[in-house]
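Novice: Take a look at this one; I'll ask things after.
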Amino acid sequence: MSHKRATKRKAFIAAGGVAALGAAALILPNAMASQTESNQAGPKTLAARDASGLAVQLQKSLGEAFAGAYYDSGDKQLVVSVDGQQIQGDNNVIAQAEQAGVEIREVDNSWSELKAGAATLKKQASVPGTAWALDPRTNKIQVTADSTVTGENWDTVESTVKSLGAGMATVKKSAGTFKPFLEGGDAIFGGGARCSAGFNVTNADGTPGFLTAGHCGVVEPEWAEEEGGAPIGTVDAETATFPGVGDFALVKYNDPATQAASTVDLGNGQTVNINAAGEATVGLQVFRMGSTTGLADGQVTGLDATVNYPEGTVTGLIQTNVCAEPGDSGGSLFTQDGQAIGLTSGGSGDCTVGGETFFQPVTTALAAVGATIGEGGAGAGEQAAGGAGEEAAGGAGDAAGAGEQAAGGAGAGEEQGAAEAGAGEQAGGGAGDAGDDGAGAGAGDAGVGQEQQQGEDHQGVDQQGNAGQ
């Protein structure tokens, strides 16, 4: 992240979702009707950002019949599931959606039924080391138990899943351990802890601030950009949330003259411009930036996720297969075309073996703290400029390998003691980062300034944040 000042400070990633969710400016029903008048041959396709907005509209229009949606990046198509028992007679919304190129499939479980099942899991199986998310691809609740869930706890999880009935949920074991990724785009330091800044925002009173993870904000009240350095921001304690309904915190810059740029710092002088906040859709291609492991990419794999960390239960998260490690907490999750999607919360595994990761949705964090995001000042869920039928610029789902993972393997081994991270160190090894309980996670050889791999099958991110073809 960067800002314009005479000092060397950098305002931590201003963010926002892309201007208008492009074809999501397909406001039902008129825009859909206009598409049916097109003489184009073959199935219609949608950019990923357009599919996200359209999925939100269809969920509202279909009501109880809605059973989830996901984006097929291969076919560039939005797939929407419906509960056939909730559809009565001819449904004009479904007909219009199909005419607009949406694939409609009939499934057994409605979205509300899946959420009810998740509520049962929360009531009966909230043991540390478990997580679950709604997966519209399988039309089931995907339950995961980490390596600490054994004995009676495992029996509780398994029996609760079975009690939901056949076809409602599946359960699997994870080799890792679910934990918040507290250590550290740009690194921030508070006391003995290190996290990452997420996105710059504009507070309700017009002053600058940035979002980070709630489990960072509730641990330390002030944050600096260098270990042991003077604080540059103070946590808004009234809105910082963890555990509970989310994992987010607003940090207000101490200097109101700070110019918080709406960018994500990718290292090596590269940035991505962030325009507005966007909603996650299963199948959406996303990129994560963190101070330990740099840039990594993957897909959204689940929505409305619940994670039972040792510190408590957190709900309403996004689940992905994007790797992350301690120190990446609070870092930005975004799309190639400039939508702010999430803030890194936690998960299991690392960037060597992979694992499950969870993110706080930016839209709900913005709504909770009353801030806006992006150069256009778009707030939670608010679309920036763009008219109906406007073509989206670049699909996030088209990015194959943009911004490869940071060069060098970042070690995630736990080590007791105070953090030994070098002041403001973002590249090179030796960043030991203290967690909630004083345990540090060595950053090993991780560098924020990652080297992007060259190859015919990879698209890079250029210095303006545009996809290189």
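Chain labels follow the order of the structure tokens: the first chain is A, the next B, and so on; residue numbering restarts at 1 in every chain, and ligands are counted from 1 in their shown order.
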Counting only C-alpha atoms, what are the residues of segment 255-362 of chain A within 12 Å of segment 138-145 of chain A, and for each of them which pair of atoms is the nearest and at what distance in Å, to one decimal? Sort the table by chain and rising number, as a Markdown table.
Specialist:
```
| residue | atom | partner | partner_atom | distance |
| --- | --- | --- | --- | --- |
| A:Val282 | CA | A:Thr138 | CA | 11.1 |
| A:Thr301 | CA | A:Gln142 | CA | 9.7 |
| A:Gly302 | CA | A:Gln142 | CA | 8.1 |
| A:Leu303 | CA | A:Ile141 | CA | 9.8 |
| A:Asp304 | CA | A:Ile141 | CA | 10.1 |
| A:Ala305 | CA | A:Gln142 | CA | 9.3 |
| A:Thr306 | CA | A:Val143 | CA | 9.5 |
| A:Val307 | CA | A:Thr144 | CA | 9.3 |
| A:Asn308 | CA | A:Ala145 | CA | 9.7 |
| A:Tyr309 | CA | A:Ala145 | CA | 11.2 |
| A:Gln319 | CA | A:Gln142 | CA | 10.3 |
| A:Gly347 | CA | A:Thr144 | CA | 10.8 |
| A:Ser348 | CA | A:Ala145 | CA | 10.2 |
| A:Gly355 | CA | A:Thr144 | CA | 10.9 |
| A:Glu356 | CA | A:Thr144 | CA | 9.0 |
| A:Thr357 | CA | A:Thr144 | CA | 11.5 |
```
Novice: Take the residues just selected and output them with N, CA, C and O atoms as a tab-separated table (two decimals), in the first residue's frame.
Specialist:
```tsv
chain	number	residue	atom	x	y	z
A	282	VAL	N	-18.61	-18.64	-4.93
A	282	VAL	CA	-17.86	-19.88	-5.06
A	282	VAL	C	-17.39	-20.04	-6.51
A	282	VAL	O	-18.17	-19.86	-7.44
A	301	THR	N	-14.12	-21.37	-2.17
A	301	THR	CA	-14.66	-22.73	-2.14
A	301	THR	C	-15.91	-22.88	-1.27
A	301	THR	O	-16.58	-23.90	-1.33
A	302	GLY	N	-16.22	-21.88	-0.44
A	302	GLY	CA	-17.39	-21.97	0.42
A	302	GLY	C	-17.79	-20.61	0.95
A	302	GLY	O	-16.98	-19.68	1.01
A	303	LEU	N	-19.07	-20.49	1.33
A	303	LEU	CA	-19.60	-19.22	1.85
A	303	LEU	C	-20.23	-19.43	3.21
A	303	LEU	O	-20.55	-20.56	3.60
A	304	ASP	N	-20.41	-18.32	3.93
A	304	ASP	CA	-21.04	-18.36	5.25
A	304	ASP	C	-20.37	-19.39	6.14
A	304	ASP	O	-21.03	-20.18	6.83
A	305	ALA	N	-19.04	-19.36	6.14
A	305	ALA	CA	-18.26	-20.36	6.88
A	305	ALA	C	-18.21	-20.02	8.37
A	305	ALA	O	-18.18	-18.86	8.78
A	306	THR	N	-18.19	-21.07	9.18
A	306	THR	CA	-18.01	-20.97	10.62
A	306	THR	C	-16.72	-21.69	10.98
A	306	THR	O	-16.48	-22.82	10.53
A	307	VAL	N	-15.87	-21.04	11.78
A	307	VAL	CA	-14.61	-21.64	12.21
A	307	VAL	C	-14.54	-21.61	13.73
A	307	VAL	O	-14.77	-20.57	14.35
A	308	ASN	N	-14.22	-22.75	14.32
A	308	ASN	CA	-14.08	-22.84	15.77
A	308	ASN	C	-12.60	-22.81	16.14
A	308	ASN	O	-11.94	-23.84	16.26
A	309	TYR	N	-12.06	-21.58	16.26
A	309	TYR	CA	-10.68	-21.41	16.67
A	309	TYR	C	-10.54	-21.73	18.16
A	309	TYR	O	-11.55	-21.73	18.89
A	319	GLN	N	-14.61	-19.16	2.69
A	319	GLN	CA	-13.60	-20.23	2.67
A	319	GLN	C	-12.95	-20.28	1.30
A	319	GLN	O	-13.62	-20.14	0.28
A	347	GLY	N	-6.82	-20.34	9.36
A	347	GLY	CA	-7.00	-21.58	8.64
A	347	GLY	C	-6.00	-22.62	9.09
A	347	GLY	O	-5.45	-22.55	10.19
A	348	SER	N	-5.75	-23.58	8.22
A	348	SER	CA	-4.79	-24.64	8.52
A	348	SER	C	-3.83	-24.78	7.35
A	348	SER	O	-4.08	-24.28	6.26
A	355	GLY	N	-3.89	-26.05	2.23
A	355	GLY	CA	-4.81	-26.15	3.36
A	355	GLY	C	-6.06	-25.32	3.12
A	355	GLY	O	-6.29	-24.80	2.03
A	356	GLU	N	-6.90	-25.21	4.17
A	356	GLU	CA	-8.12	-24.41	4.09
A	356	GLU	C	-7.85	-23.05	4.74
A	356	GLU	O	-7.21	-22.97	5.79
A	357	THR	N	-8.36	-21.99	4.13
A	357	THR	CA	-8.19	-20.65	4.69
A	357	THR	C	-9.53	-19.92	4.71
A	357	THR	O	-10.41	-20.20	3.90
```
Novice: Could you produce a table of the residues of segment 96-122 of chain A lying within 9 Å of segment 165-184 of chain A, with the nearest pair of atoms per residue and their separation in Å rounded to one decimal, using only C-alpha atoms, ordered by chain and increasing residue number, as a tab-separated table?
Specialist:
```
residue	atom	partner	partner_atom	distance
A:Asp108	CA	A:Gly167	CA	8.2
A:Asn109	CA	A:Met168	CA	7.2
A:Glu113	CA	A:Met168	CA	8.7
A:Leu114	CA	A:Met168	CA	7.2
A:Gly117	CA	A:Met168	CA	7.5
```
Novice: Just to be explicit: take each residue in the selection above, keep C-alpha atoms, and write the result as a PDB file, in the first residue's frame.
Specialist:
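Output contents, as saved in result24.pdb:
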```pdb
ATOM      1  CA  ASP A 108     -32.595 -31.158  -2.957  1.00  0.00           C
ATOM      2  CA  ASN A 109     -31.440 -28.646  -0.342  1.00  0.00           C
ATOM      3  CA  GLU A 113     -32.103 -25.502   4.740  1.00  0.00           C
ATOM      4  CA  LEU A 114     -28.309 -25.554   4.462  1.00  0.00           C
ATOM      5  CA  GLY A 117     -28.095 -27.342   9.157  1.00  0.00           C
TER       6      GLY A 117
END
```
Novice: From the set A:Lys122, A:Lys44, A:His215, A:Arg288, which residue has the shortest atom-to-atom contact distance to Gln77 of chain A, counting only C-alpha atoms?
Specialist: A:Lys44
Novice: Extract the full set of strand (DSSP E) residues from segment 34-249 of chain A according to DSSP on the backbone, and format it as a VMD selection string.
Specialist: chain A and resid 66 to 72 77 to 83 103 to 107 130 to 135 140 to 145 169 to 173 179 to 180 187 to 190 193 to 196 199 to 202 208 to 212 222 to 223 233 to 235 249
Novice: Mind the document's chain letters and residue numbers, and return as a PyMOL selection string the residues of segment 20-194 of chain A that DSSP labels alpha helix (DSSP H).
Specialist: chain A and resi 30-36+48-62+92-99+111-124+151-163
Novice: Pick out the residues sitting within 7 Å of Glu225 of chain A, and hand them over as a list in words; count only C-alpha atoms, and ignore anything fewer than 3 positions along from it in its own chain.
Specialist: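 Listed by chain and then number, they are Ala187, Ile188, Phe189, Gly229 and Gly424 of chain A.
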Novice: Would you mind listing what lies within 7 Å of Gly330 of chain A as a list in words, with only C-alpha atoms counted and same-chain residues fewer than 2 positions away left out?
Specialist: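 My reading of the contact set: Cys195, Ser196, Ala197, Gly198, Thr212, Ala213, Asp328, Ser332, Leu343, Thr344 and Ser345 of chain A.
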Novice: Taking only C-alpha atoms into account, name the residue in A:Trp223, A:Trp132, A:Phe334, A:Phe242 that is nearest to Gly278 of chain A.
Specialist: A:Phe334
Novice: Hey, which of A:Ala100, A:Ala65, A:Leu58, A:Val353 ends up closest to Leu46 of chain A? Count only C-alpha atoms.
Specialist: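 Distance minimum relative to Leu46 of chain A lands on A:Ala100.
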